[in-house]
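First up is the structure itself, then whatever we jot down about it.
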Amino acid sequence: MYATNFGYSNISSYRINGSGLEVACDPACPKVPGDGTARALNGTVTSGPSDNWISPDGAYLYQIYGNASKLVGYATRPDGSLNEVTSIKIPYNSPQGLAGF
């Protein structure tokens with residue numbers, strides 16, 4: 001399971017075990033820097049990660065970083081970490097959601 005950390009501009013991963021959740025990798029990817037204008041509730045400068053989508057086979061995860069104007073594609077690893085494999089420029093602070101097939 002992967003979760004977006006808006007305030008820290010990265011993603012964490014978790015495993016479901018017999019009694020609940022446990023952290024697999026925190027952070028699962030490096031911080032993605034924004035342009036410095038967006039801040040999280042705690043005042044930390046954020047890249048504004050807003051949504052992610054994982055491929056049906058679980059091999060790839062895509063994350064929008066709106067304040068960094070980019071969509072990043074990661075390959076998932078068995079330990080829960082993510083390896084960036086692609087990145088593309090998107091319009092500043094858009095879109096606010098991902099859909100996949």
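Chains: A, B, ... in order of the structure tokens. Residues: from 1 per chain. Ligands: from 1, in order shown.
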- [ ] Would you list the contacts of Leu71 in chain A as a list in words, taking every protein, DNA or RNA residue within 10 Å and counting only C-alpha atoms, but skipping same-chain residues closer than 5 positions in sequence?
- [x] Pro49, Asp51, Asn52, Tyr62, Gln63, Ile64, Tyr65, Gly66, Thr86, Ser87, Ile88, Lys89, Ile90, Pro91, Ser94, Pro95 and Leu98 of chain A
Find the residues around Gly58 in chain A up to 12 Å (only C-alpha atoms counted), leave out those fewer than 4 positions away in its own chain, and share them as a PDB file with all heavy atoms, in the first residue's frame.
```pdb
ATOM      1  N   MET A   1       0.851  -1.150   0.000  1.00  0.00           N
ATOM      2  CA  MET A   1       0.000   0.000   0.000  1.00  0.00           C
ATOM      3  C   MET A   1       0.909   1.228   0.000  1.00  0.00           C
ATOM      4  O   MET A   1       1.931   1.247   0.671  1.00  0.00           O
ATOM      5  CB  MET A   1      -0.868  -0.019   1.259  1.00  0.00           C
ATOM      6  CG  MET A   1      -1.709   1.181   1.394  1.00  0.00           C
ATOM      7  SD  MET A   1      -2.678   1.295   2.923  1.00  0.00           S
ATOM      8  CE  MET A   1      -3.079  -0.343   3.318  1.00  0.00           C
ATOM      9  N   TYR A   2       0.527   2.234  -0.782  1.00  0.00           N
ATOM     10  CA  TYR A   2       1.309   3.472  -0.878  1.00  0.00           C
ATOM     11  C   TYR A   2       0.438   4.651  -0.449  1.00  0.00           C
ATOM     12  O   TYR A   2      -0.756   4.676  -0.732  1.00  0.00           O
ATOM     13  CB  TYR A   2       1.805   3.683  -2.309  1.00  0.00           C
ATOM     14  CG  TYR A   2       2.796   2.633  -2.726  1.00  0.00           C
ATOM     15  CD1 TYR A   2       2.383   1.479  -3.371  1.00  0.00           C
ATOM     16  CD2 TYR A   2       4.143   2.788  -2.441  1.00  0.00           C
ATOM     17  CE1 TYR A   2       3.286   0.499  -3.729  1.00  0.00           C
ATOM     18  CE2 TYR A   2       5.057   1.812  -2.797  1.00  0.00           C
ATOM     19  CZ  TYR A   2       4.620   0.674  -3.435  1.00  0.00           C
ATOM     20  OH  TYR A   2       5.521  -0.288  -3.790  1.00  0.00           O
ATOM     21  N   TRP A  53      -1.655   6.721  -8.810  1.00  0.00           N
ATOM     22  CA  TRP A  53      -2.351   5.594  -9.430  1.00  0.00           C
ATOM     23  C   TRP A  53      -1.333   4.477  -9.599  1.00  0.00           C
ATOM     24  O   TRP A  53      -0.191   4.726  -9.985  1.00  0.00           O
ATOM     25  CB  TRP A  53      -2.902   6.005 -10.795  1.00  0.00           C
ATOM     26  CG  TRP A  53      -3.607   4.900 -11.523  1.00  0.00           C
ATOM     27  CD1 TRP A  53      -4.891   4.471 -11.330  1.00  0.00           C
ATOM     28  CD2 TRP A  53      -3.077   4.077 -12.555  1.00  0.00           C
ATOM     29  NE1 TRP A  53      -5.185   3.436 -12.180  1.00  0.00           N
ATOM     30  CE2 TRP A  53      -4.084   3.171 -12.946  1.00  0.00           C
ATOM     31  CE3 TRP A  53      -1.841   4.017 -13.200  1.00  0.00           C
ATOM     32  CZ2 TRP A  53      -3.901   2.227 -13.937  1.00  0.00           C
ATOM     33  CZ3 TRP A  53      -1.655   3.061 -14.189  1.00  0.00           C
ATOM     34  CH2 TRP A  53      -2.678   2.191 -14.553  1.00  0.00           C
ATOM     35  N   ILE A  54      -1.737   3.261  -9.278  1.00  0.00           N
ATOM     36  CA  ILE A  54      -0.855   2.111  -9.439  1.00  0.00           C
ATOM     37  C   ILE A  54      -1.407   1.225 -10.554  1.00  0.00           C
ATOM     38  O   ILE A  54      -2.625   1.065 -10.682  1.00  0.00           O
ATOM     39  CB  ILE A  54      -0.680   1.355  -8.102  1.00  0.00           C
ATOM     40  CG1 ILE A  54       0.492   0.385  -8.180  1.00  0.00           C
ATOM     41  CG2 ILE A  54      -1.959   0.692  -7.671  1.00  0.00           C
ATOM     42  CD1 ILE A  54       1.034  -0.047  -6.840  1.00  0.00           C
ATOM     43  N   TYR A  62       2.231   5.973 -10.411  1.00  0.00           N
ATOM     44  CA  TYR A  62       2.347   7.307 -11.000  1.00  0.00           C
ATOM     45  C   TYR A  62       1.858   8.327  -9.988  1.00  0.00           C
ATOM     46  O   TYR A  62       0.822   8.133  -9.352  1.00  0.00           O
ATOM     47  CB  TYR A  62       1.530   7.396 -12.296  1.00  0.00           C
ATOM     48  CG  TYR A  62       2.021   6.410 -13.325  1.00  0.00           C
ATOM     49  CD1 TYR A  62       1.522   5.117 -13.378  1.00  0.00           C
ATOM     50  CD2 TYR A  62       3.020   6.781 -14.212  1.00  0.00           C
ATOM     51  CE1 TYR A  62       2.002   4.202 -14.303  1.00  0.00           C
ATOM     52  CE2 TYR A  62       3.505   5.868 -15.145  1.00  0.00           C
ATOM     53  CZ  TYR A  62       2.986   4.584 -15.172  1.00  0.00           C
ATOM     54  OH  TYR A  62       3.470   3.686 -16.085  1.00  0.00           O
ATOM     55  N   TYR A  74       7.066   5.644 -11.249  1.00  0.00           N
ATOM     56  CA  TYR A  74       7.997   4.840 -10.462  1.00  0.00           C
ATOM     57  C   TYR A  74       7.771   3.358 -10.739  1.00  0.00           C
ATOM     58  O   TYR A  74       6.632   2.923 -10.917  1.00  0.00           O
ATOM     59  CB  TYR A  74       7.763   5.056  -8.961  1.00  0.00           C
ATOM     60  CG  TYR A  74       7.940   6.453  -8.467  1.00  0.00           C
ATOM     61  CD1 TYR A  74       6.847   7.293  -8.284  1.00  0.00           C
ATOM     62  CD2 TYR A  74       9.204   6.938  -8.137  1.00  0.00           C
ATOM     63  CE1 TYR A  74       7.008   8.578  -7.794  1.00  0.00           C
ATOM     64  CE2 TYR A  74       9.366   8.232  -7.648  1.00  0.00           C
ATOM     65  CZ  TYR A  74       8.266   9.042  -7.481  1.00  0.00           C
ATOM     66  OH  TYR A  74       8.423  10.318  -6.990  1.00  0.00           O
ATOM     67  N   ALA A  75       8.838   2.578 -10.711  1.00  0.00           N
ATOM     68  CA  ALA A  75       8.732   1.120 -10.678  1.00  0.00           C
ATOM     69  C   ALA A  75       8.690   0.740  -9.200  1.00  0.00           C
ATOM     70  O   ALA A  75       9.455   1.280  -8.391  1.00  0.00           O
ATOM     71  CB  ALA A  75       9.934   0.476 -11.354  1.00  0.00           C
ATOM     72  N   THR A  76       7.769  -0.141  -8.839  1.00  0.00           N
ATOM     73  CA  THR A  76       7.686  -0.581  -7.438  1.00  0.00           C
ATOM     74  C   THR A  76       8.718  -1.677  -7.203  1.00  0.00           C
ATOM     75  O   THR A  76       9.071  -2.435  -8.114  1.00  0.00           O
ATOM     76  CB  THR A  76       6.278  -1.108  -7.100  1.00  0.00           C
ATOM     77  OG1 THR A  76       5.980  -2.229  -7.927  1.00  0.00           O
ATOM     78  CG2 THR A  76       5.226  -0.019  -7.313  1.00  0.00           C
ATOM     79  N   ARG A  77       9.205  -1.766  -5.969  1.00  0.00           N
ATOM     80  CA  ARG A  77      10.178  -2.792  -5.588  1.00  0.00           C
ATOM     81  C   ARG A  77       9.586  -3.650  -4.475  1.00  0.00           C
ATOM     82  O   ARG A  77       8.739  -3.167  -3.701  1.00  0.00           O
ATOM     83  CB  ARG A  77      11.462  -2.139  -5.113  1.00  0.00           C
ATOM     84  CG  ARG A  77      12.181  -1.372  -6.208  1.00  0.00           C
ATOM     85  CD  ARG A  77      13.452  -0.791  -5.663  1.00  0.00           C
ATOM     86  NE  ARG A  77      14.246  -0.180  -6.718  1.00  0.00           N
ATOM     87  CZ  ARG A  77      15.201   0.690  -6.478  1.00  0.00           C
ATOM     88  NH1 ARG A  77      15.490   1.061  -5.245  1.00  0.00           N
ATOM     89  NH2 ARG A  77      15.894   1.189  -7.482  1.00  0.00           N
ATOM     90  N   PRO A  78      10.037  -4.892  -4.353  1.00  0.00           N
ATOM     91  CA  PRO A  78       9.495  -5.794  -3.326  1.00  0.00           C
ATOM     92  C   PRO A  78       9.607  -5.266  -1.891  1.00  0.00           C
ATOM     93  O   PRO A  78       8.765  -5.567  -1.048  1.00  0.00           O
ATOM     94  CB  PRO A  78      10.320  -7.076  -3.497  1.00  0.00           C
ATOM     95  CG  PRO A  78      10.772  -7.048  -4.915  1.00  0.00           C
ATOM     96  CD  PRO A  78      10.973  -5.592  -5.240  1.00  0.00           C
ATOM     97  N   GLY A  80       9.081  -2.279  -0.962  1.00  0.00           N
ATOM     98  CA  GLY A  80       8.186  -1.134  -0.787  1.00  0.00           C
ATOM     99  C   GLY A  80       8.758   0.171  -1.298  1.00  0.00           C
ATOM    100  O   GLY A  80       8.057   1.182  -1.346  1.00  0.00           O
ATOM    101  N   LEU A  82      10.419   2.804  -4.170  1.00  0.00           N
ATOM    102  CA  LEU A  82      10.046   3.176  -5.536  1.00  0.00           C
ATOM    103  C   LEU A  82      11.277   3.660  -6.284  1.00  0.00           C
ATOM    104  O   LEU A  82      12.103   4.393  -5.728  1.00  0.00           O
ATOM    105  CB  LEU A  82       8.995   4.287  -5.513  1.00  0.00           C
ATOM    106  CG  LEU A  82       7.670   3.936  -4.848  1.00  0.00           C
ATOM    107  CD1 LEU A  82       6.849   5.198  -4.604  1.00  0.00           C
ATOM    108  CD2 LEU A  82       6.900   2.947  -5.694  1.00  0.00           C
TER     109      LEU A  82
END
```
Open item on the list: as number ranges by chain, please: every residue in range 26-77 of chain A that DSSP puts in strand (DSSP E or B).
Closed with: A: 39, 45, 49-54, 60-65, 70-76
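Distance-wise, CA of Ser81 in chain A and CA of Cys29 in chain A end up 6.4 Å apart.
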TODO: Find the residues near Ala24 in chain A: any atom within 7 Å, counting only C-alpha atoms, skip ones fewer than 5 places away on the same chain, and give them as an NGL selection string.
DONE: :A and (13-15 or 79-80)
Find the spatial neighbours of Ser12 in chain A, counting only C-alpha atoms, within a cut-off of 7 Å - ignore same-chain residues fewer than 2 positions away - and output them as an mmCIF file with N, CA, C and O atoms, in the first residue's frame.
```cif
data_model
loop_
_atom_site.group_PDB
_atom_site.id
_atom_site.type_symbol
_atom_site.label_atom_id
_atom_site.label_comp_id
_atom_site.auth_asym_id
_atom_site.auth_seq_id
_atom_site.Cartn_x
_atom_site.Cartn_y
_atom_site.Cartn_z
ATOM 1 N N TYR A 2 0.527 2.234 -0.782
ATOM 2 C CA TYR A 2 1.309 3.472 -0.878
ATOM 3 C C TYR A 2 0.438 4.651 -0.449
ATOM 4 O O TYR A 2 -0.756 4.676 -0.732
ATOM 5 N N ALA A 3 1.054 5.617 0.210
ATOM 6 C CA ALA A 3 0.338 6.804 0.676
ATOM 7 C C ALA A 3 1.145 8.053 0.337
ATOM 8 O O ALA A 3 2.359 8.100 0.567
ATOM 9 N N THR A 4 0.460 9.051 -0.201
ATOM 10 C CA THR A 4 1.071 10.333 -0.524
ATOM 11 C C THR A 4 1.242 11.160 0.740
ATOM 12 O O THR A 4 0.315 11.302 1.522
ATOM 13 N N ASN A 10 6.610 13.419 -0.718
ATOM 14 C CA ASN A 10 7.077 12.095 -1.105
ATOM 15 C C ASN A 10 5.973 11.063 -0.862
ATOM 16 O O ASN A 10 4.815 11.422 -0.653
ATOM 17 N N TYR A 14 3.443 0.772 2.912
ATOM 18 C CA TYR A 14 3.028 -0.024 4.066
ATOM 19 C C TYR A 14 2.736 -1.451 3.623
ATOM 20 O O TYR A 14 2.409 -1.700 2.471
ATOM 21 N N CYS A 25 8.447 1.182 3.902
ATOM 22 C CA CYS A 25 9.518 2.085 3.497
ATOM 23 C C CYS A 25 9.039 3.532 3.651
ATOM 24 O O CYS A 25 8.066 3.927 3.026
ATOM 25 N N ASP A 26 9.740 4.298 4.483
ATOM 26 C CA ASP A 26 9.349 5.688 4.722
ATOM 27 C C ASP A 26 10.589 6.566 4.782
ATOM 28 O O ASP A 26 11.338 6.487 5.740
ATOM 29 N N PRO A 27 10.838 7.359 3.756
ATOM 30 C CA PRO A 27 10.051 7.493 2.540
ATOM 31 C C PRO A 27 10.377 6.389 1.540
ATOM 32 O O PRO A 27 11.457 5.797 1.594
ATOM 33 N N ALA A 28 9.465 6.149 0.617
ATOM 34 C CA ALA A 28 9.656 5.145 -0.417
ATOM 35 C C ALA A 28 10.349 5.722 -1.645
ATOM 36 O O ALA A 28 10.807 4.986 -2.508
#
```
Open item on the list: Please determine, counting only C-alpha atoms, which residue among A:Asn5, A:Glu22, A:Tyr60, A:Ile11 has the shortest atom-to-atom distance to Ala40 in chain A.
Closed with: A:Asn5
